[in-house]
$ cat data.txt   # compact mmCIF, C-alpha atoms
# COMPACT_ATOMS: atom_id res chain seq x y z
CA PHE M 1 -7.10 14.49 17.64
CA ALA M 2 -10.21 13.30 15.80
CA GLY M 3 -12.66 10.52 16.60
CA THR M 4 -11.98 10.06 20.34
CA TRP M 5 -14.56 7.87 22.12
CA LEU M 6 -15.64 8.32 25.73
CA ARG M 7 -16.42 4.82 27.01
CA SER M 8 -17.59 5.82 30.49
CA GLY M 9 -17.45 8.69 32.98
CA VAL M 10 -17.65 12.43 32.33
CA LEU M 11 -15.53 14.44 29.91
CA ARG M 12 -15.29 18.23 29.73
CA VAL M 13 -14.33 19.46 26.25
CA GLU M 14 -12.96 22.87 25.32
CA ALA M 15 -12.76 23.76 21.62
CA THR M 16 -9.35 25.31 20.97
CA ALA M 17 -9.58 25.23 17.17
CA VAL M 18 -12.54 25.11 14.81
CA GLY M 19 -13.22 25.06 11.09
CA SER M 20 -10.12 25.75 9.02
CA ASP M 21 -7.88 25.28 12.10
CA SER M 22 -8.94 21.69 12.76
CA THR M 23 -6.57 18.77 12.21
CA LEU M 24 -8.73 17.42 9.37
CA ALA M 25 -8.69 20.81 7.62
CA LYS M 26 -4.90 20.96 7.96
CA ILE M 27 -4.64 17.48 6.44
CA ILE M 28 -6.79 18.52 3.47
CA HIS M 29 -4.70 21.68 3.00
CA ARG M 30 -1.47 19.67 3.01
CA VAL M 31 -2.91 17.24 0.46
CA GLU M 32 -3.80 20.12 -1.86
CA ASP M 33 -0.33 21.65 -1.52
CA ALA M 34 1.42 18.34 -2.20
CA GLN M 35 -0.73 17.66 -5.26
CA ASP M 36 -0.03 21.13 -6.65
CA ASP M 37 3.72 20.62 -6.17
CA LYS M 38 3.76 17.34 -8.11
CA ALA M 39 5.19 18.10 -11.59
CA LYS M 40 3.46 16.81 -14.72
CA THR M 41 5.77 14.44 -16.56
CA GLN M 42 5.97 14.52 -20.33
CA THR M 43 6.25 11.21 -22.13
CA PHE M 44 9.10 10.37 -24.43
CA LEU M 45 6.75 10.31 -27.39
CA GLU M 46 5.61 13.90 -26.86
CA ARG M 47 9.18 15.20 -26.62
CA PHE M 48 10.31 13.16 -29.60
CA SER M 49 7.42 14.00 -31.90
CA LYS M 50 7.87 17.72 -31.28
CA TRP M 51 11.04 17.60 -33.40
CA TYR M 52 10.75 14.38 -35.37
CA THR M 53 7.49 14.94 -37.27
CA PRO M 54 8.36 18.42 -38.63
CA GLY M 55 11.84 17.12 -39.41
CA VAL M 56 10.49 14.27 -41.55
CA MET M 57 8.17 16.59 -43.47
CA ILE M 58 10.95 19.11 -44.15
CA ALA M 59 13.38 16.35 -45.17
CA ALA M 60 10.89 14.78 -47.60
CA LEU M 61 10.16 18.18 -49.11
CA ALA M 62 13.88 18.93 -49.47
CA VAL M 63 14.58 15.57 -51.14
CA GLY M 64 11.73 16.15 -53.57
CA LEU M 65 12.95 19.61 -54.49
CA ILE M 66 16.56 18.55 -54.85
CA THR M 67 16.04 15.32 -56.79
CA GLN M 68 12.80 16.32 -58.55
CA ASN M 69 11.74 12.75 -57.76
CA LEU M 70 8.22 12.87 -56.35
CA GLU M 71 8.03 9.12 -55.77
CA LEU M 72 11.25 9.16 -53.73
CA ALA M 73 9.98 12.06 -51.63
CA LEU M 74 6.65 10.33 -50.96
CA THR M 75 8.42 7.07 -50.14
CA LEU M 76 10.59 8.84 -47.58
CA LEU M 77 7.57 10.61 -46.10
CA VAL M 78 5.50 7.42 -45.78
CA ILE M 79 8.30 5.17 -44.51
CA ALA M 80 9.63 7.70 -42.00
CA CYS M 81 6.21 8.18 -40.40
CA PRO M 82 6.68 6.62 -36.94
CA GLY M 83 3.62 4.35 -36.90
CA ALA M 84 5.22 1.71 -34.69
CA LEU M 85 6.70 4.42 -32.49
CA VAL M 86 3.36 6.16 -32.06
CA ILE M 87 1.59 2.98 -30.98
CA SER M 88 4.44 1.41 -28.96
CA ILE M 89 3.88 3.45 -25.80
CA PRO M 90 0.06 3.57 -25.48
CA VAL M 91 -0.44 -0.11 -26.30
CA SER M 92 2.12 -1.07 -23.64
CA ILE M 93 0.51 1.16 -21.04
CA VAL M 94 -2.99 -0.13 -21.81
CA ALA M 95 -1.78 -3.73 -21.56
CA GLY M 96 0.06 -3.07 -18.27
CA ILE M 97 -2.86 -1.26 -16.64
CA GLY M 98 -5.32 -3.88 -17.91
CA ARG M 99 -3.24 -6.75 -16.51
CA SER M 100 -2.87 -5.04 -13.13
CA ALA M 101 -6.63 -4.36 -12.95
CA LYS M 102 -7.39 -8.05 -13.47
CA ASP M 103 -5.05 -8.85 -10.57
CA GLY M 104 -6.65 -6.39 -8.18
CA VAL M 105 -4.33 -3.40 -8.62
CA LEU M 106 -5.86 -0.16 -9.88
CA ILE M 107 -3.25 2.13 -11.50
CA LYS M 108 -4.88 5.46 -12.23
CA SER M 109 -2.87 6.49 -15.32
CA GLY M 110 0.08 5.66 -17.52
CA GLU M 111 2.08 8.44 -15.88
CA TYR M 112 1.93 6.67 -12.53
CA LEU M 113 2.71 3.33 -14.17
CA GLU M 114 5.93 4.76 -15.59
CA ALA M 115 6.87 6.45 -12.31
CA SER M 116 6.28 3.21 -10.36
CA ALA M 117 9.05 1.53 -12.31
CA LYS M 118 11.59 3.93 -10.76
CA VAL M 119 10.57 3.45 -7.10
CA ASP M 120 13.50 2.57 -4.84
CA ALA M 121 12.01 3.34 -1.39
CA VAL M 122 8.60 2.43 0.08
CA VAL M 123 7.18 4.11 3.18
CA VAL M 124 4.58 1.87 4.84
CA ASP M 125 2.09 2.69 7.57
CA LYS M 126 1.87 -0.02 10.25
CA THR M 127 -1.69 -0.34 11.52
CA GLY M 128 -4.00 -1.84 8.92
CA THR M 129 -1.17 -2.16 6.40
CA LEU M 130 1.59 -4.28 7.94
CA THR M 131 -0.71 -5.39 10.76
CA ASN M 132 -4.36 -6.43 10.79
CA GLY M 133 -5.46 -3.31 12.68
CA GLN M 134 -7.42 -5.36 15.21
CA PRO M 135 -6.06 -6.53 18.60
CA GLU M 136 -5.90 -10.30 19.07
CA LEU M 137 -5.32 -12.49 22.11
CA THR M 138 -1.67 -13.63 22.06
CA ASP M 139 -0.82 -15.04 25.51
CA VAL M 140 -2.55 -16.73 28.46
CA GLU M 141 -0.30 -17.57 31.43
CA VAL M 142 -1.12 -19.19 34.76
CA LEU M 143 0.23 -17.71 38.01
CA ASP M 144 -1.81 -19.87 40.42
CA PRO M 145 -1.50 -23.67 39.88
CA ALA M 146 -5.06 -24.10 41.18
CA TYR M 147 -6.29 -22.80 37.81
CA THR M 148 -5.75 -23.94 34.21
CA ALA M 149 -5.04 -21.61 31.31
CA ASN M 150 -8.58 -22.08 29.99
CA GLU M 151 -10.07 -21.22 33.37
CA VAL M 152 -7.98 -18.07 33.58
CA LEU M 153 -9.07 -17.03 30.11
CA GLN M 154 -12.73 -17.87 30.72
CA LEU M 155 -12.85 -15.78 33.89
CA ALA M 156 -11.18 -12.87 32.12
CA ALA M 157 -13.55 -13.11 29.16
CA ARG M 158 -16.65 -13.22 31.35
CA ALA M 159 -15.50 -10.15 33.26
CA GLU M 160 -14.82 -8.31 30.00
CA THR M 161 -18.38 -8.88 28.75
CA ALA M 162 -19.27 -5.75 30.71
CA SER M 163 -16.62 -3.64 28.93
CA GLU M 164 -16.73 -1.93 25.53
CA HIS M 165 -12.95 -1.54 25.32
CA PRO M 166 -11.31 -2.95 22.12
CA LEU M 167 -8.93 -5.03 24.24
CA ALA M 168 -11.92 -6.60 25.99
CA ASP M 169 -13.31 -7.66 22.63
CA ALA M 170 -9.97 -9.32 21.79
CA ILE M 171 -10.08 -11.36 25.02
CA ILE M 172 -13.67 -12.45 24.44
CA ARG M 173 -12.99 -13.44 20.82
CA GLY M 174 -9.89 -15.35 21.95
CA ALA M 175 -11.90 -17.32 24.50
CA LYS M 176 -14.62 -18.18 21.99
CA THR M 177 -11.99 -19.26 19.46
CA ARG M 178 -10.78 -21.81 22.03
CA GLY M 179 -14.29 -23.14 22.43
CA LEU M 180 -14.96 -21.62 25.86
CA GLU M 181 -18.42 -20.47 26.91
CA VAL M 182 -18.55 -16.78 27.70
CA GLU M 183 -21.65 -15.85 29.70
CA LEU M 184 -22.59 -12.34 30.78
CA VAL M 185 -21.53 -11.37 34.29
CA GLU M 186 -23.98 -10.57 37.08
CA SER M 187 -22.49 -7.14 37.73
CA ALA M 188 -19.36 -5.19 36.85
CA GLN M 189 -17.65 -1.86 37.42
CA PRO M 190 -15.11 -0.36 34.99
CA VAL M 191 -12.18 1.29 36.81
CA MET M 192 -10.92 4.20 34.76
CA GLY M 193 -7.36 3.69 33.54
CA LYS M 194 -6.96 0.41 35.46
CA GLY M 195 -9.34 -2.20 34.02
CA ILE M 196 -12.58 -3.78 35.21
CA ARG M 197 -13.97 -5.53 38.29
CA ALA M 198 -16.84 -7.98 37.92
CA GLU M 199 -18.77 -10.51 39.96
CA VAL M 200 -18.42 -13.98 38.41
CA ASP M 201 -20.06 -16.97 40.13
CA GLY M 202 -19.88 -15.27 43.51
CA HIS M 203 -16.23 -14.24 43.18
CA ALA M 204 -14.71 -10.82 42.56
CA VAL M 205 -12.79 -11.05 39.28
CA ALA M 206 -10.50 -8.24 38.16
CA VAL M 207 -8.84 -7.81 34.76
CA GLY M 208 -6.30 -5.03 34.24
CA SER M 209 -3.37 -3.50 36.04
CA ALA M 210 -1.83 -4.68 39.32
CA LYS M 211 -3.54 -1.77 41.10
CA LEU M 212 -6.80 -3.76 40.98
CA LEU M 213 -5.29 -6.46 43.23
CA ASP M 214 -4.86 -6.51 47.01
CA LYS M 215 -1.28 -7.71 46.71
CA ILE M 216 0.88 -6.46 43.84
CA PRO M 217 2.68 -9.46 42.31
CA ASN M 218 6.06 -9.53 40.58
CA GLU M 219 5.63 -7.46 37.42
CA ASP M 220 8.74 -8.68 35.54
CA ARG M 221 6.71 -10.92 33.22
CA VAL M 222 4.30 -8.09 32.43
CA LEU M 223 7.24 -5.86 31.49
CA GLU M 224 8.63 -8.63 29.27
CA LEU M 225 5.33 -8.95 27.40
CA ASN M 226 5.08 -5.17 27.07
CA ALA M 227 8.61 -5.08 25.67
CA GLN M 228 7.39 -7.45 22.95
CA GLY M 229 4.78 -4.88 21.93
CA LYS M 230 1.93 -6.64 23.73
CA THR M 231 -0.56 -5.25 26.26
CA ALA M 232 -0.46 -7.54 29.31
CA MET M 233 -3.20 -7.61 31.97
CA TYR M 234 -3.54 -9.40 35.28
CA VAL M 235 -6.48 -11.68 35.96
CA GLY M 236 -7.32 -11.67 39.68
CA VAL M 237 -9.83 -13.55 41.83
CA ASP M 238 -10.78 -12.16 45.23
CA GLY M 239 -7.79 -9.82 45.24
CA ARG M 240 -5.02 -12.25 44.25
CA ALA M 241 -3.45 -12.74 40.80
CA ILE M 242 -4.18 -16.09 39.15
CA GLY M 243 -2.90 -15.41 35.65
CA LEU M 244 -1.99 -13.07 32.82
CA VAL M 245 -3.60 -12.37 29.46
CA ALA M 246 -1.93 -10.37 26.70
CA VAL M 247 -3.24 -8.93 23.44
CA ALA M 248 -1.54 -7.30 20.46
CA ASP M 249 -2.22 -6.13 16.96
CA THR M 250 -1.01 -9.08 14.90
CA ILE M 251 1.10 -8.89 11.76
CA ARG M 252 -0.73 -9.58 8.50
CA SER M 253 0.02 -13.06 7.22
CA ASP M 254 1.10 -11.69 3.83
CA ALA M 255 3.32 -8.87 5.19
CA PRO M 256 6.60 -10.88 5.49
CA ALA M 257 6.36 -12.06 1.88
CA ALA M 258 5.63 -8.52 0.69
CA VAL M 259 8.62 -7.02 2.52
CA LYS M 260 10.90 -9.80 1.24
CA SER M 261 9.73 -9.24 -2.34
CA LEU M 262 10.45 -5.52 -2.06
CA HIS M 263 13.94 -6.25 -0.71
CA ASP M 264 14.56 -8.77 -3.51
CA ASN M 265 13.81 -5.97 -5.99
CA GLY M 266 16.34 -3.70 -4.27
CA ILE M 267 13.66 -1.46 -2.70
CA LYS M 268 14.19 0.09 0.75
CA VAL M 269 11.28 -0.42 3.21
CA VAL M 270 10.57 2.31 5.78
CA MET M 271 7.86 2.07 8.48
CA ALA M 272 6.05 5.26 9.54
CA THR M 273 3.44 4.90 12.28
CA GLY M 274 1.70 6.85 15.00
CA ASP M 275 2.13 3.92 17.41
CA ALA M 276 4.63 3.79 20.27
CA GLN M 277 8.31 3.30 19.44
CA ARG M 278 8.55 -0.04 21.26
CA VAL M 279 5.58 -1.55 19.42
CA ALA M 280 6.82 -0.30 16.05
CA GLU M 281 10.33 -1.65 16.64
CA ASN M 282 8.99 -5.12 17.46
CA VAL M 283 6.94 -5.27 14.27
CA ALA M 284 9.85 -3.91 12.22
CA ARG M 285 12.25 -6.44 13.72
CA GLU M 286 9.93 -9.34 12.88
CA LEU M 287 9.44 -8.16 9.29
CA GLY M 288 12.99 -6.98 8.60
CA VAL M 289 12.04 -3.37 7.86
CA ASP M 290 15.02 -1.12 7.09
CA GLU M 291 13.97 2.03 9.01
CA VAL M 292 11.44 2.68 11.79
CA HIS M 293 9.78 6.04 12.53
CA ALA M 294 7.20 5.92 15.34
CA GLU M 295 4.85 8.30 17.19
CA MET M 296 4.35 10.31 14.01
CA MET M 297 1.63 12.83 13.23
CA PRO M 298 0.34 13.27 9.63
CA GLU M 299 2.71 16.18 9.05
CA ASP M 300 5.63 14.07 10.33
CA LYS M 301 4.91 11.41 7.71
CA LEU M 302 4.81 14.12 5.08
CA ASP M 303 8.18 15.47 6.26
CA LEU M 304 9.63 11.94 6.20
CA VAL M 305 8.62 11.49 2.55
CA LYS M 306 10.18 14.87 1.69
CA GLU M 307 13.38 13.92 3.52
CA LEU M 308 13.68 10.63 1.60
CA GLN M 309 13.07 12.47 -1.66
CA SER M 310 15.83 14.94 -0.74
CA ARG M 311 18.22 11.95 -0.65
CA GLY M 312 17.42 11.37 -4.33
CA LEU M 313 15.08 8.42 -3.71
CA VAL M 314 11.90 7.82 -5.69
CA VAL M 315 9.37 7.22 -2.91
CA ALA M 316 6.13 5.24 -2.80
CA MET M 317 3.90 5.75 0.25
CA VAL M 318 1.46 3.04 1.37
CA GLY M 319 -1.40 3.91 3.72
CA ASP M 320 -5.05 3.30 4.44
CA GLY M 321 -6.30 6.20 6.57
CA VAL M 322 -7.09 9.91 6.40
CA ASN M 323 -3.93 10.69 8.37
CA ASP M 324 -1.85 9.12 5.58
CA THR M 325 -3.23 11.32 2.80
CA PRO M 326 -0.70 14.21 3.01
CA ALA M 327 2.20 11.77 2.65
CA LEU M 328 0.34 9.86 -0.10
CA ALA M 329 -0.03 13.09 -2.06
CA GLN M 330 3.59 14.17 -1.56
CA ALA M 331 5.11 10.81 -2.50
CA ASP M 332 6.14 10.13 -6.08
CA ILE M 333 3.65 7.26 -5.96
CA GLY M 334 0.84 7.04 -3.42
CA VAL M 335 -0.56 3.56 -2.76
CA ALA M 336 -3.83 2.97 -0.89
CA MET M 337 -5.00 -0.30 0.61
CA GLY M 338 -8.23 -0.10 -1.35
CA ALA M 339 -10.53 -2.62 0.30
CA ALA M 340 -9.81 -1.34 3.83
CA GLY M 341 -8.68 2.18 3.03
CA SER M 342 -10.55 5.38 3.72
CA PRO M 343 -12.18 7.21 0.76
CA ALA M 344 -9.71 10.08 1.27
CA ALA M 345 -6.72 7.76 0.98
CA ILE M 346 -8.09 6.01 -2.13
CA GLU M 347 -8.91 9.34 -3.79
CA THR M 348 -5.44 10.75 -3.11
CA ALA M 349 -3.45 7.67 -4.07
CA ASP M 350 -2.08 6.93 -7.53
CA ILE M 351 -2.39 3.17 -7.08
CA ALA M 352 -5.07 1.30 -5.11
CA LEU M 353 -4.63 -2.32 -4.03
CA MET M 354 -8.29 -3.25 -4.50
CA ALA M 355 -7.73 -6.86 -3.39
CA ASP M 356 -6.32 -5.56 -0.07
CA LYS M 357 -3.32 -7.87 -0.32
CA LEU M 358 0.03 -6.30 0.50
CA PRO M 359 2.07 -8.60 -1.84
CA ARG M 360 0.23 -6.90 -4.71
CA LEU M 361 2.47 -3.86 -4.04
CA PRO M 362 5.76 -5.50 -5.13
CA TYR M 363 3.76 -7.17 -7.90
CA ALA M 364 2.54 -3.76 -9.13
CA LEU M 365 6.06 -2.28 -9.02
CA HIS M 366 7.45 -5.29 -10.88
CA LEU M 367 4.69 -5.05 -13.49
CA ALA M 368 5.53 -1.36 -13.95
CA GLN M 369 9.17 -2.27 -14.55
CA ARG M 370 8.13 -4.92 -17.11
CA THR M 371 5.90 -2.38 -18.83
CA VAL M 372 8.65 0.23 -19.06
CA ARG M 373 11.10 -2.39 -20.41
CA THR M 374 8.49 -3.36 -23.00
CA MET M 375 8.03 0.28 -23.97
CA THR M 376 11.79 0.74 -24.32
CA LEU M 377 12.09 -2.39 -26.47
CA ASN M 378 9.21 -1.30 -28.69
CA ILE M 379 10.67 2.17 -29.12
CA GLY M 380 13.99 0.64 -30.11
CA ILE M 381 12.31 -1.65 -32.67
CA ALA M 382 10.33 1.25 -34.11
CA LEU M 383 13.35 3.55 -34.44
CA ALA M 384 15.56 0.78 -35.83
CA THR M 385 12.91 -0.09 -38.44
CA VAL M 386 12.64 3.52 -39.57
CA ALA M 387 16.44 3.90 -39.70
CA VAL M 388 16.94 0.73 -41.77
CA LEU M 389 14.14 1.65 -44.20
CA LEU M 390 15.44 5.19 -44.66
CA ALA M 391 18.92 3.88 -45.35
CA GLY M 392 17.47 1.37 -47.83
CA VAL M 393 15.56 4.09 -49.65
CA LEU M 394 18.54 6.45 -49.87
CA LEU M 395 20.94 3.68 -50.93
CA GLY M 396 18.41 2.11 -53.29
CA GLY M 397 16.64 -1.22 -53.24
CA VAL M 398 13.70 -0.38 -50.95
CA THR M 399 10.57 0.59 -52.82
CA MET M 400 7.43 2.10 -51.35
CA SER M 401 5.61 -1.27 -51.34
CA ILE M 402 8.49 -3.08 -49.62
CA GLY M 403 8.87 -0.23 -47.17
CA MET M 404 5.18 -0.26 -46.32
CA LEU M 405 5.22 -4.03 -45.82
CA VAL M 406 8.16 -3.86 -43.40
CA HIS M 407 6.66 -0.80 -41.73
CA GLU M 408 3.32 -2.51 -41.05
CA ALA M 409 5.10 -5.66 -39.89
CA SER M 410 6.96 -3.58 -37.28
CA VAL M 411 3.64 -2.16 -36.08
CA LEU M 412 2.22 -5.67 -35.60
CA LEU M 413 5.45 -6.73 -33.88
CA VAL M 414 5.36 -3.99 -31.23
CA ILE M 415 1.66 -4.66 -30.61
CA GLY M 416 2.38 -8.36 -30.15
CA ILE M 417 5.24 -7.67 -27.73
CA ALA M 418 3.04 -5.30 -25.71
CA MET M 419 0.24 -7.88 -25.57
CA LEU M 420 2.61 -10.25 -23.76
CA LEU M 421 2.06 -8.04 -20.70
CA LEU M 422 -1.49 -9.42 -20.52
CA ARG M 423 -0.20 -12.86 -19.60
CA PRO M 424 -1.02 -13.73 -15.95
CA VAL M 425 2.07 -13.98 -13.75
CA LEU M 426 0.44 -14.56 -10.35
CA LYS M 427 -0.18 -18.12 -9.20
CA PRO M 428 -3.78 -19.29 -9.69
CA GLU M 429 -4.26 -19.96 -5.97
CA VAL M 430 -3.31 -16.35 -5.25
CA THR M 431 -5.45 -14.69 -7.91
CA SER M 432 -8.51 -16.83 -7.13
CA GLU M 433 -8.46 -15.92 -3.45
CA ASN M 434 -10.85 -13.04 -2.80
CA PRO M 435 -11.05 -12.21 -6.52
CA VAL M 436 -11.87 -8.72 -7.69
CA PRO M 437 -15.45 -8.51 -9.03
CA ARG M 438 -15.71 -8.47 -12.81
CA GLU M 439 -17.41 -5.07 -12.63
CA THR M 440 -14.39 -3.63 -10.84
CA GLN M 441 -12.02 -5.15 -13.40
CA GLU M 442 -13.97 -3.66 -16.29
CA VAL M 443 -14.13 -0.19 -14.72
CA ALA M 444 -10.45 -0.28 -13.83
CA ALA M 445 -9.45 -1.42 -17.30
CA ALA M 446 -11.58 1.29 -18.88

$ encode --input "data.txt" --output "structure tokens"
Amino acid sequence: FAGTWLRSGVLRVEATAVGSDSTLAKIIHRVEDAQDDKAKTQTFLERFSKWYTPGVMIAALAVGLITQNLELALTLLVIACPGALVISIPVSIVAGIGRSAKDGVLIKSGEYLEASAKVDAVVVDKTGTLTNGQPELTDVEVLDPAYTANEVLQLAARAETASEHPLADAIIRGAKTRGLEVELVESAQPVMGKGIRAEVDGHAVAVGSAKLLDKIPNEDRVLELNAQGKTAMYVGVDGRAIGLVAVADTIRSDAPAAVKSLHDNGIKVVMATGDAQRVAENVARELGVDEVHAEMMPEDKLDLVKELQSRGLVVAMVGDGVNDTPALAQADIGVAMGAAGSPAAIETADIALMADKLPRLPYALHLAQRTVRTMTLNIGIALATVAVLLAGVLLGGVTMSIGMLVHEASVLLVIGIAMLLLRPVLKPEVTSENPVPRETQEVAAA
């Protein structure tokens, strides 16, 4: 649909859509629509102050007129001013965002921090998010006892030196990882849709489908490997099969821990990918993902997010590519894999995992929950302080000086509680690995 490479041969192209009709233009249009549909949330403080502040002023004026006691009226006015309440929310948000920035998570505003605390479903793209996004050699099997596994792999790798296919690169890297020498072949001929034939040390070596061989061997093992989500290829010498090599996009080492952490927090994990159903199901089974949706186009991912939201779920979408941006914009919280993500995904997302570590996602959601709990606690302390002081003034015994002392103490208390969010909670060995540059931390905190 966009970015197709022609490796060899001739391709005739007919433009059926241009400009505003292209897939990229449709993606941009859907992003704009989703962003326009996202409602602006008002904070508790804004709603509260709309009624509270005028109410305090009117009450102080009424008390002064009724009692003719100017000092009492001023005391009520000063004590009832919600200083601790005013500062309780912003100081908590600043502390939460600052802590997350130091740990490689960029949260773009306090609004998204609050919304993240309510997330109960996460939609995750597969390639580049749950997996490494780069094929790796997974299996080498011998079919002819005259050859060893290393010899099978070395022959396959040498033949693939004449190919530019991504799977060829995986085989070559796998051979070099095992310490095998991979020299360029004398000559080779790619066979479209089947594989490659090459001349290696005077022998005709073929890597690919069974159609490259003179005698088609039993394909049960190939089907088994394919059922596991792997791409299996025969390695043949002079027309007969001597072995099998298989490659697959491997699961990120940190993905299982991330999925488990999300489950431990009661969050549903849904995979949405453009890959084949069989491949997606194998990855989902290994990670314990709750739902699998495969062979999806960008608009399908967007529809999936809408469908989950229609169930009453607060949805976070995690992606790293341009095709994820419509769903990122529609989700209640869009999360981009910052270090590997496309500029479009990072721009659209509300949270960016700048350290490119998937476990930072459950960490960010947990930090958001801590921040919201801190805000709630601080609001309660502020309101309780005002209520107690007002009662003390009306019943007698609380003077302006005592009231101001208690009032300022409550302000310091809520600030101190909020500052506890700045304490590091990640293990040192995790935070020190691939640390975020200081410049990035400072910009994110600002």

$ atom_distance --input "data.txt" --atom1 "atom CA of Gly208 of chain M" --atom2 "atom CA of Ala246 of chain M"
10.2 Å

$ closest_residue --input "data.txt" --among "M:Ala255, M:Val222, M:Leu313, M:Val18" --to "Arg360 of chain M" --atoms "only C-alpha atoms"
M:Ala255

$ closest_residue --input "data.txt" --among "M:Ile379, M:Leu167, M:Ala418, M:Leu395" --to "Phe48 of chain M" --atoms "all atoms listed in the file"
M:Ile379

$ closest_residue --input "data.txt" --among "M:Pro54, M:Gly416, M:Pro424, M:Pro166" --to "Ile87 of chain M" --atoms "all atoms listed in the file"
M:Gly416

$ residues_around --input "data.txt" --residues "Thr129 of chain M" --least-positions-apart "5" --cutoff "12 Å" --atoms "only C-alpha atoms" --output "PDB file with C-alpha atoms, in the frame of the given file"
ATOM      1  CA  VAL M 123       7.180   4.110   3.180  1.00  0.00           C
ATOM      2  CA  VAL M 124       4.580   1.870   4.840  1.00  0.00           C
ATOM      3  CA  GLN M 134      -7.420  -5.360  15.210  1.00  0.00           C
ATOM      4  CA  ASP M 249      -2.220  -6.130  16.960  1.00  0.00           C
ATOM      5  CA  THR M 250      -1.010  -9.080  14.900  1.00  0.00           C
ATOM      6  CA  ILE M 251       1.100  -8.890  11.760  1.00  0.00           C
ATOM      7  CA  ARG M 252      -0.730  -9.580   8.500  1.00  0.00           C
ATOM      8  CA  SER M 253       0.020 -13.060   7.220  1.00  0.00           C
ATOM      9  CA  ASP M 254       1.100 -11.690   3.830  1.00  0.00           C
ATOM     10  CA  ALA M 255       3.320  -8.870   5.190  1.00  0.00           C
ATOM     11  CA  PRO M 256       6.600 -10.880   5.490  1.00  0.00           C
ATOM     12  CA  ALA M 258       5.630  -8.520   0.690  1.00  0.00           C
ATOM     13  CA  VAL M 259       8.620  -7.020   2.520  1.00  0.00           C
ATOM     14  CA  MET M 271       7.860   2.070   8.480  1.00  0.00           C
ATOM     15  CA  ALA M 272       6.050   5.260   9.540  1.00  0.00           C
ATOM     16  CA  THR M 273       3.440   4.900  12.280  1.00  0.00           C
ATOM     17  CA  VAL M 283       6.940  -5.270  14.270  1.00  0.00           C
ATOM     18  CA  MET M 317       3.900   5.750   0.250  1.00  0.00           C
ATOM     19  CA  VAL M 318       1.460   3.040   1.370  1.00  0.00           C
ATOM     20  CA  GLY M 319      -1.400   3.910   3.720  1.00  0.00           C
ATOM     21  CA  ASP M 320      -5.050   3.300   4.440  1.00  0.00           C
ATOM     22  CA  GLY M 321      -6.300   6.200   6.570  1.00  0.00           C
ATOM     23  CA  ASP M 324      -1.850   9.120   5.580  1.00  0.00           C
ATOM     24  CA  VAL M 335      -0.560   3.560  -2.760  1.00  0.00           C
ATOM     25  CA  ALA M 336      -3.830   2.970  -0.890  1.00  0.00           C
ATOM     26  CA  MET M 337      -5.000  -0.300   0.610  1.00  0.00           C
ATOM     27  CA  GLY M 338      -8.230  -0.100  -1.350  1.00  0.00           C
ATOM     28  CA  ALA M 339     -10.530  -2.620   0.300  1.00  0.00           C
ATOM     29  CA  ALA M 340      -9.810  -1.340   3.830  1.00  0.00           C
ATOM     30  CA  GLY M 341      -8.680   2.180   3.030  1.00  0.00           C
ATOM     31  CA  LEU M 353      -4.630  -2.320  -4.030  1.00  0.00           C
ATOM     32  CA  ASP M 356      -6.320  -5.560  -0.070  1.00  0.00           C
ATOM     33  CA  LYS M 357      -3.320  -7.870  -0.320  1.00  0.00           C
ATOM     34  CA  LEU M 358       0.030  -6.300   0.500  1.00  0.00           C
ATOM     35  CA  PRO M 359       2.070  -8.600  -1.840  1.00  0.00           C
ATOM     36  CA  LEU M 361       2.470  -3.860  -4.040  1.00  0.00           C
TER      37      LEU M 361
END

$ closest_residue --input "data.txt" --among "M:Val185, M:Val245, M:Gly104, M:Val86" --to "Asn226 of chain M" --atoms "only C-alpha atoms"
M:Val245

$ atom_distance --input "data.txt" --atom1 "atom CA of Met233 of chain M" --atom2 "atom CA of Ile216 of chain M"
12.6 Å

$ atom_distance --input "data.txt" --atom1 "atom CA of Ile93 of chain M" --atom2 "atom CA of Ile267 of chain M"
22.7 Å

$ residues_around --input "data.txt" --residues "Arg158 of chain M" --least-positions-apart "6" --cutoff "7 Å" --atoms "only C-alpha atoms" --output "MDAnalysis selection string"
chainID M and resid 182:185

$ closest_residue --input "data.txt" --among "M:Ala384, M:Val289, M:Val237, M:Leu302" --to "Tyr147 of chain M" --atoms "all atoms listed in the file"
M:Val237

$ closest_residue --input "data.txt" --among "M:Asn132, M:Gln309, M:Thr231, M:Ser109" --to "Gly96 of chain M" --atoms "only C-alpha atoms"
M:Ser109

$ residues_around --input "data.txt" --residues "Gly83 of chain M" --least-positions-apart "5" --cutoff "10 Å" --atoms "all atoms listed in the file" --output "PyMOL selection string"
chain M and resi 78+88+382+386+407-408+410-411

$ residues_around --input "data.txt" --residues "segment 293-299 of chain M" --least-positions-apart "4" --cutoff "8 Å" --atoms "all atoms listed in the file" --output "number ranges by chain"
M: 27, 270-277, 280, 303, 323-327

$ closest_atom_pairs --input "data.txt" --of "segment 113-211 of chain M" --to "segment 330-333 of chain M" --cutoff "9 Å" --atoms "all atoms listed in the file" --output "tab-separated table"
residue	atom	partner	partner_atom	distance
M:Ala115	CA	M:Ile333	CA	7.2
M:Ser116	CA	M:Ile333	CA	6.5
M:Val119	CA	M:Ile333	CA	8.0

$ axis_aligned_box --input "data.txt" --around "segment 256-259 of chain M" --padding-each-side "8 Å" --output "lines of an AutoDock Vina configuration file"
center_x = 7.1
center_y = -9.5
center_z = 3.1
size_x = 19.0
size_y = 21.0
size_z = 20.8
